[in-house]
Amino acid sequence: MSQQNTVGGKDTLVNQLLVIKLAFLGESTVGKTSIVHKFVNYEFQENREQTINGAFLTQKCRLGDKIIRFEIWDIVDRKSYHTLIYRNAHVVVVVYDVTNVDSFDKAKSLIRELKSQVDPKVVIFLVGNKIDLSERQVPTEEVKDYALEFGLLFYETSAKTDDGIRTIFTKIAEKFVSDDSFPAEENVD
Ligand SMILES: Nc1nc2c(ncn2[C@@H]2O[C@H](COP(=O)(O)OP(=O)(O)O)[C@@H](O)[C@H]2O)c(=O)[nH]1
Ligand SMILES: [Mg+2]
């Protein structure tokens, strides 16, 4: 049900705005920047320049009668950034490359660090990217078991073909829309 608000004798629809702060983490070249750009700008670059200092992007979406503003940090792997994330993020998306087992080991070590440092309310998503490539090294079933054991949400994506990209952001939005304790504000624009 939409929330109604009466202004000047006329019923106007008031949309609630949820601001969800997300951080992307993971080894270099796994596709963090590509996933974020596919979602925000609907584009993919075959040879993307390396992210130097990290980037901040936003994207608005609607889910039911709620407006979601994603505030996304695309982070390079530097300890100084980690502290910032651990204090502020609602969601951390840890990305690995399904064709690179070392990047999955790195993801697991990041998750260990997150589990010991962040508030348990912070939602951790584990994302295996580059599923369009045939040289897979990290089997889906193995990661499913790992995710279950550590209580993580797990998805596979391809930033190249757009597989699963919207799914991650929709699942994130749904999680917060259904959480009545998550603060909402009035959408003013
Ligand atoms: N085939 C394929 N290549 C990808 C995918 N995602 C990213 N890439 C490529 O992998 C490289 C590193 O991507 P980038 O987004 O810069 O990784 P980041 O360092 O984690 O931000 C770039 O050349 C991308 O074009 C994907 O899903 N499939
Ligand atoms: Mg990058």
# chains A, B, ... in the order shown; residues from 1 in each chain; ligands from 1

$ residues_around --residues "segment 160-177 of chain A" --least-positions-apart "5" --cutoff "9 Å" --atoms "only C-alpha atoms" --output "list of chain:residue names"
A:Leu18, A:Ile20, A:Ser34, A:Ile35, A:Val36, A:Lys38, A:Phe39, A:Tyr42, A:Glu43, A:Phe44, A:Gln45, A:Glu46, A:Cys61, A:Leu63, A:Lys66, A:Ile68, A:Phe70, A:Val91, A:Val123, A:Phe125, A:Val127, A:Lys130, A:Ile131, A:Asp132, A:Phe154, A:Tyr155, A:Phe182

$ write_last_selection --atoms "C-alpha atoms" --output "PDB file, in the first residue's frame"
ATOM      1  CA  LEU A  18      15.870   4.518   1.610  1.00  0.00           C
ATOM      2  CA  ILE A  20      21.610   2.229   1.223  1.00  0.00           C
ATOM      3  CA  SER A  34      32.646  -3.151 -14.145  1.00  0.00           C
ATOM      4  CA  ILE A  35      29.731  -4.420 -12.033  1.00  0.00           C
ATOM      5  CA  VAL A  36      29.062  -0.970 -10.617  1.00  0.00           C
ATOM      6  CA  LYS A  38      27.022  -1.853 -15.638  1.00  0.00           C
ATOM      7  CA  PHE A  39      24.414  -1.118 -12.998  1.00  0.00           C
ATOM      8  CA  TYR A  42      24.486   0.350 -18.393  1.00  0.00           C
ATOM      9  CA  GLU A  43      27.902   0.023 -20.022  1.00  0.00           C
ATOM     10  CA  PHE A  44      30.804  -2.411 -20.083  1.00  0.00           C
ATOM     11  CA  GLN A  45      34.392  -1.719 -21.156  1.00  0.00           C
ATOM     12  CA  GLU A  46      36.556  -4.596 -22.362  1.00  0.00           C
ATOM     13  CA  CYS A  61      15.713   2.870  -8.252  1.00  0.00           C
ATOM     14  CA  LEU A  63      10.965  -0.876  -5.489  1.00  0.00           C
ATOM     15  CA  LYS A  66       9.872   2.979  -2.063  1.00  0.00           C
ATOM     16  CA  ILE A  68      16.086   3.456  -3.120  1.00  0.00           C
ATOM     17  CA  PHE A  70      22.293   3.325  -3.598  1.00  0.00           C
ATOM     18  CA  VAL A  91      26.216  -3.694   2.820  1.00  0.00           C
ATOM     19  CA  VAL A 123      24.946  -7.471   5.251  1.00  0.00           C
ATOM     20  CA  PHE A 125      27.137 -10.363  -0.215  1.00  0.00           C
ATOM     21  CA  VAL A 127      29.672 -12.298  -5.696  1.00  0.00           C
ATOM     22  CA  LYS A 130      33.015 -13.323 -14.999  1.00  0.00           C
ATOM     23  CA  ILE A 131      30.735 -16.364 -15.405  1.00  0.00           C
ATOM     24  CA  ASP A 132      30.741 -15.694 -19.170  1.00  0.00           C
ATOM     25  CA  PHE A 154      25.845 -15.515  -2.657  1.00  0.00           C
ATOM     26  CA  TYR A 155      25.315 -14.702  -6.345  1.00  0.00           C
ATOM     27  CA  PHE A 182      15.832   0.557   8.620  1.00  0.00           C
TER      28      PHE A 182
END

$ closest_atom_pairs --of "chain A" --to "ligand 2" --cutoff "9 Å" --atoms "only C-alpha atoms and all ligand atoms" --output "CSV"
residue,atom,partner,partner_atom_place_in_ligand_line,distance
A:Ser28,CA,ligand 2,1 (Mg),6.7
A:Thr29,CA,ligand 2,1 (Mg),6.6
A:Val30,CA,ligand 2,1 (Mg),8.2
A:Gly31,CA,ligand 2,1 (Mg),6.7
A:Lys32,CA,ligand 2,1 (Mg),5.4
A:Thr33,CA,ligand 2,1 (Mg),4.2
A:Ser34,CA,ligand 2,1 (Mg),7.2
A:Arg48,CA,ligand 2,1 (Mg),8.2
A:Glu49,CA,ligand 2,1 (Mg),7.8
A:Gln50,CA,ligand 2,1 (Mg),5.4
A:Thr51,CA,ligand 2,1 (Mg),4.1
A:Ile52,CA,ligand 2,1 (Mg),7.6
A:Gly54,CA,ligand 2,1 (Mg),7.1
A:Ala55,CA,ligand 2,1 (Mg),8.3
A:Asp74,CA,ligand 2,1 (Mg),6.6
A:Ile75,CA,ligand 2,1 (Mg),7.1
A:Val76,CA,ligand 2,1 (Mg),6.6

$ write_last_selection --atoms "N, CA and C atoms" --output "short mmCIF file (atom, residue, chain, number, x, y, z; two decimals), in the first residue's frame"
data_model
loop_
_atom_site.label_atom_id
_atom_site.label_comp_id
_atom_site.auth_asym_id
_atom_site.auth_seq_id
_atom_site.Cartn_x
_atom_site.Cartn_y
_atom_site.Cartn_z
N SER A 28 42.04 -6.90 -6.98
CA SER A 28 42.09 -6.10 -8.19
C SER A 28 41.76 -6.96 -9.42
N THR A 29 41.08 -6.39 -10.37
CA THR A 29 40.67 -6.97 -11.67
C THR A 29 39.56 -8.03 -11.62
N VAL A 30 38.93 -8.23 -10.47
CA VAL A 30 37.83 -9.21 -10.42
C VAL A 30 36.57 -8.67 -11.09
N GLY A 31 36.50 -7.32 -11.25
CA GLY A 31 35.36 -6.74 -11.96
C GLY A 31 34.46 -5.85 -11.09
N LYS A 32 34.97 -5.35 -10.00
CA LYS A 32 34.15 -4.49 -9.11
C LYS A 32 33.65 -3.25 -9.85
N THR A 33 34.59 -2.54 -10.49
CA THR A 33 34.22 -1.31 -11.20
C THR A 33 33.26 -1.64 -12.35
N SER A 34 33.51 -2.77 -13.02
CA SER A 34 32.65 -3.15 -14.14
C SER A 34 31.22 -3.44 -13.69
N ARG A 48 39.17 -2.05 -19.07
CA ARG A 48 38.91 -0.91 -18.20
C ARG A 48 40.20 -0.48 -17.51
N GLU A 49 40.39 0.85 -17.43
CA GLU A 49 41.56 1.36 -16.68
C GLU A 49 41.40 1.02 -15.22
N GLN A 50 42.53 0.76 -14.59
CA GLN A 50 42.46 0.40 -13.17
C GLN A 50 41.96 1.58 -12.33
N THR A 51 41.15 1.26 -11.33
CA THR A 51 40.67 2.29 -10.42
C THR A 51 41.84 2.73 -9.54
N ILE A 52 42.07 4.02 -9.46
CA ILE A 52 43.24 4.47 -8.71
C ILE A 52 42.92 4.74 -7.24
N GLY A 54 39.71 4.76 -5.84
CA GLY A 54 38.36 4.40 -5.42
C GLY A 54 37.41 5.44 -5.98
N ALA A 55 36.15 5.06 -6.13
CA ALA A 55 35.18 5.98 -6.71
C ALA A 55 33.89 5.91 -5.91
N ASP A 74 33.29 2.19 -4.68
CA ASP A 74 34.06 1.20 -5.43
C ASP A 74 35.50 1.37 -4.94
N ILE A 75 35.93 0.43 -4.12
CA ILE A 75 37.10 0.69 -3.28
C ILE A 75 38.33 -0.05 -3.77
N VAL A 76 39.45 0.64 -3.77
CA VAL A 76 40.71 -0.08 -4.01
C VAL A 76 41.15 -0.67 -2.68
#

$ select_by_dssp --residues "segment 111-175 of chain A" --states "strand (DSSP E)" --output "VMD selection string"
chain A and resid 123 to 129 153 to 156

$ select_by_dssp --residues "chain A" --states "alpha helix (DSSP H)" --output "ChimeraX atom specification"
/A:32-41,79-88,101-117,140-150,165-177

$ residues_around --residues "Ile85 of chain A" --least-positions-apart "6" --cutoff "9 Å" --atoms "only C-alpha atoms" --output "list in words"
Leu22, Ala23, Trp73, Val92 and Val118 of chain A

$ closest_residue --among "A:Asn41, A:Glu185, A:Val138, A:Asn47" --to "Asp105 of chain A" --atoms "only C-alpha atoms"
A:Val138

$ closest_residue --among "A:Ala159, A:Val94, A:Leu57, A:Ile124" --to "ligand 1" --atoms "only C-alpha atoms and all ligand atoms"
A:Ala159

$ closest_residue --among "A:Thr83, A:Leu114, A:Val122, A:Gly128" --to "Glu27 of chain A" --atoms "only C-alpha atoms"
A:Gly128

$ closest_residue --among "A:Ser178, A:Asp65, A:Asp97, A:Leu25" --to "Glu113 of chain A" --atoms "only C-alpha atoms"
A:Leu25

$ residues_around --residues "Tyr146 of chain A" --least-positions-apart "4" --cutoff "12 Å" --atoms "only C-alpha atoms" --output "MDAnalysis selection string"
chainID A and resid 104:105 107:108 111 126 138:142 150:154

$ closest_residue --among "A:Gly26, A:Pro183, A:Gly64, A:Pro120" --to "ligand 1" --atoms "only C-alpha atoms and all ligand atoms"
A:Gly26

$ atom_distance --atom1 "atom CA of Lys115 of chain A" --atom2 "atom CA of Ala147 of chain A"
12.7 Å

$ atom_distance --atom1 "atom CA of Glu135 of chain A" --atom2 "atom CA of Asn100 of chain A"
8.7 Å

$ closest_residue --among "A:Lys21, A:His82, A:Leu110, A:Asp145" --to "Thr58 of chain A" --atoms "only C-alpha atoms"
A:Lys21

$ atom_distance --atom1 "atom CA of Gln59 of chain A" --atom2 "atom 18 (P, counted along the ligand's line) of ligand 1"
19.0 Å
